[in-house]
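Peer 1: Can you read through this structure? Questions will come right after.
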Amino acid sequence: MSYTVAVVGATGNVGREILSILSERQFPVGEVHAVASRRSLGTEVAFGETTLKCKDLASFDFAGVDFCLMSAGGAVSREWSPKIAASGCVVIDNSSAWRYDIDVPLIVPEVNADAVAGYAKKNIIANPNCSTAQMVVALKPLHARAIIKRVVVATYQSVSGAGKAAMNELWSQTKGKYVPGQEVEPATFPKEIAFNCIPQIDVFMEDGYTREEWKMVAETKKILDPRIKVTATCVRVPVFVGHSEAVNIEFEEPISAEEARDILREAPGCLVIDKREPGGYITPMEASGEDATYISRIREDTTVENGLALWIVSDNLRKGAALNAVQIAELLINRKLLKKAA
Ligand SMILES: NC(=O)c1ccc[n+]([C@@H]2O[C@H](COP(=O)([O-])OP(=O)(O)OC[C@H]3O[C@@H](n4cnc5c(N)ncnc54)[C@H](OP(=O)(O)O)[C@@H]3O)[C@@H](O)[C@H]2O)c1
């Protein structure tokens with residue numbers, strides 16, 4: 001059995017990664033369509049050893065397409081996903097447009113695969129925010145053992161999480177620091193990102209948190225457990241790919257660092273690299289291009305009852321977006337939940 005797949009947003013950071021992951025994992029594709037805006041009509045994108053010419057979303061016919069892997073932003077998804085879904089194609093969306101809709105499952109396959117069963121209500125499945133995805137992959141097996149009460153997380157998020165324009169801004173601003181007359185003013189980010197850290201991702205909300213921080217709270221509750229309290233500080237750092245997170249967890253029951261390390265070693269999607277010596281941990285540069293969620297610096301936090309501290313790193317374009325989306329499509333196939341498009 002093979003499937004027809006459309007990748008919408010195929011010229012973007014996530015879309016290109018989706019195409020490469022479909023090819024790497026030998027996803028059972030019959031036909032693959034690269035779709036983007038009219039601006040990219042005819043632009044070539046790589047798919048394994050071949051190239052695909054981009055089509056324009058506004059005139060693309062989704063009849064007969066089984067999966068639409070969508071990464072073209074929230075506004076495009078809000079307008080197009082319901083129309084695409086109505087044509088019988090399952091939309092797996094990377095934007096935040098549908099994540100909080102009660103009729104749309106928000107899925108991380110290692111964490112809440114069973115929740116995908118309700119997808120046919122809208123024929124749309126949401127992919128979580130990149131920072132949430134990697135965090136819940138590590139929290140799930142620990143929660144199953146000792147019940148998490150509260151999580152305090154600080155993120156160190158790479159610029160690729162803000163799209164291709166943001167990567168260009170870091171690159172040109174960094175070069176501009178050394179070439180007189182080529183300084184680059186902030187455009188994508190509210191302040192200079194080169195050699196800097198910006199404690200704002202997405203817009204401010206009334207309570208003083210940013211929307212990115214709110215997403216981590218709401219999505220952790222929807223995916224893992226509504227009783228878990230989360231407080232987040234999300235920070236953009238001058239790293240191209242790979243998000244890092246310093247996570248402090250308070251459990252209902254005691255759990256030692258050693259036991260947590262053993263549990264995480266066995267957990268799906270997790271890879272523990274945790275030697276208490278210089279360099280015995282993972283940095284975003286090493287996680288870039290990889291599928292795993294890496295966990296390092298596992299230690300007991302004695303300032304609270306039953307506390308643990310961890311360092312979690314993953315490739316935001318892969319587990320945080322493209323890989324997770326492809327895994328959701330595989331989940332539908334493996335569980336025989338997909339109605340094949342006419
Ligand atoms: N990057 C991450 O780590 C990450 C993680 C999770 C979720 N996401 C989400 O994934 C989505 C895409 O992110 P990205 O980083 O890939 O952004 P990006 O690099 O800026 O790419 C955006 C893509 O959307 C396409 N697009 C824009 N307007 C369109 C329109 N009117 N019709 C059709 N296609 C249109 C663009 O096509 P053109 O080239 O033709 O303009 C491009 O292919 C966003 O919603 C983002 O929040 C990203």
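Residue numbers start at 1 in each chain; chains themselves are named A, B, ... in the order of the structure tokens; ligands are numbered from 1 in the order shown.
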Compile a residue-level contact table for segment 96-206 of chain A against segment 302-320 of chain A at a cut-off of 8 Å, reporting for every qualifying residue the shortest atom pair and its distance in Å to one decimal, with only C-alpha atoms counted, rows ordered by chain and ascending number, as a Markdown table.

Peer 2:
```
| residue | atom | partner | partner_atom | distance |
| --- | --- | --- | --- | --- |
| A:Pro128 | CA | A:Gly320 | CA | 7.5 |
| A:Asn129 | CA | A:Gly320 | CA | 6.6 |
| A:Cys130 | CA | A:Gly320 | CA | 3.7 |
| A:Ser131 | CA | A:Gly320 | CA | 6.7 |
| A:Thr132 | CA | A:Gly320 | CA | 7.8 |
| A:Ala133 | CA | A:Gly320 | CA | 5.6 |
| A:Gln134 | CA | A:Ser314 | CA | 6.4 |
| A:Met135 | CA | A:Ile312 | CA | 7.0 |
| A:Ala138 | CA | A:Ile312 | CA | 7.8 |
| A:Ser158 | CA | A:Asn316 | CA | 7.9 |
| A:Ser160 | CA | A:Leu317 | CA | 7.4 |
| A:Gly161 | CA | A:Asn316 | CA | 6.6 |
```

Peer 1: Please produce an output containing N, CA and C atoms for each residue in the selection, written as a short mmCIF file (atom, residue, chain, number, x, y, z; two decimals), in the first residue's frame.

Peer 2:
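File written: out-v6.cif
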```cif
data_model
loop_
_atom_site.label_atom_id
_atom_site.label_comp_id
_atom_site.auth_asym_id
_atom_site.auth_seq_id
_atom_site.Cartn_x
_atom_site.Cartn_y
_atom_site.Cartn_z
N PRO A 128 2.45 19.58 18.23
CA PRO A 128 2.68 20.61 19.24
C PRO A 128 3.81 21.57 18.88
N ASN A 129 3.91 22.59 19.68
CA ASN A 129 5.04 23.52 19.63
C ASN A 129 6.33 22.72 19.85
N CYS A 130 7.39 23.18 19.19
CA CYS A 130 8.67 22.43 19.26
C CYS A 130 9.18 22.27 20.70
N SER A 131 9.03 23.29 21.53
CA SER A 131 9.55 23.20 22.90
C SER A 131 8.74 22.21 23.73
N THR A 132 7.44 22.16 23.47
CA THR A 132 6.59 21.22 24.22
C THR A 132 6.92 19.79 23.83
N ALA A 133 7.08 19.54 22.52
CA ALA A 133 7.25 18.17 22.04
C ALA A 133 8.41 17.48 22.75
N GLN A 134 9.57 18.12 22.74
CA GLN A 134 10.74 17.45 23.34
C GLN A 134 10.60 17.32 24.85
N MET A 135 9.93 18.29 25.48
CA MET A 135 9.78 18.21 26.94
C MET A 135 8.86 17.05 27.34
N ALA A 138 10.30 13.49 27.37
CA ALA A 138 11.09 13.15 28.56
C ALA A 138 10.23 13.07 29.83
N SER A 158 16.50 27.90 19.45
CA SER A 158 17.28 28.31 18.28
C SER A 158 16.43 29.17 17.33
N SER A 160 16.00 28.84 14.13
CA SER A 160 15.25 28.12 13.09
C SER A 160 13.80 27.91 13.49
N GLY A 161 13.53 27.98 14.78
CA GLY A 161 12.15 27.87 15.26
C GLY A 161 11.28 29.03 14.80
#
```

Peer 1: Please check which protein, DNA or RNA residues sit within 6 Å of ligand 1, counting only C-alpha atoms and all ligand atoms, and write them as an MDAnalysis selection string.

Peer 2: chainID A and resid 9:15 36:37 39:40 57 71:74 76 94:95 129:130 160:164 316:317 320:321

Peer 1: Looking only at the backbone, which of the residues in segment 16-263 of chain A does DSSP tag as alpha helix (DSSP H), as a PyMOL selection string?

Peer 2: chain A and resi 16-24+74-86+109-112+130-146+164-176+211-223+257-263

Peer 1: Measuring between only C-alpha atoms, which one of A:Gly88, A:Pro226, A:Pro141, A:Gly48 shows the shortest distance to Pro268 of chain A?

Peer 2: A:Pro141

Peer 1: I'd like the neighbourhood of segment 16-21 of chain A as a PyMOL selection string, where a residue qualifies if any of its atoms comes within 10 Å (using only C-alpha atoms), though same-chain residues fewer than 2 positions away should be ignored.

Peer 2: chain A and resi 5-14+23-27+32-34+45-49+52+69-71+289+291+317-318+321-327

Peer 1: Among segment 66-293 of chain A, which residues carry a DSSP assignment of strand (DSSP E), reported as a ChimeraX atom specification?

Peer 2: /A:67-70,90-93,124-126,148-157,229-236,243-251,270-272,293

Peer 1: Which value, in Å to one decimal, gives the distance between atom CA of Val104 of chain A and atom CA of Arg236 of chain A?

Peer 2: 28.7 Å

Peer 1: For atom CA of Val241 of chain A and atom CA of Glu286 of chain A, quote the distance in Å rounded to one decimal.

Peer 2: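 If I compute the distance from atom CA of Val241 of chain A to atom CA of Glu286 of chain A, I get 9.7 Å.
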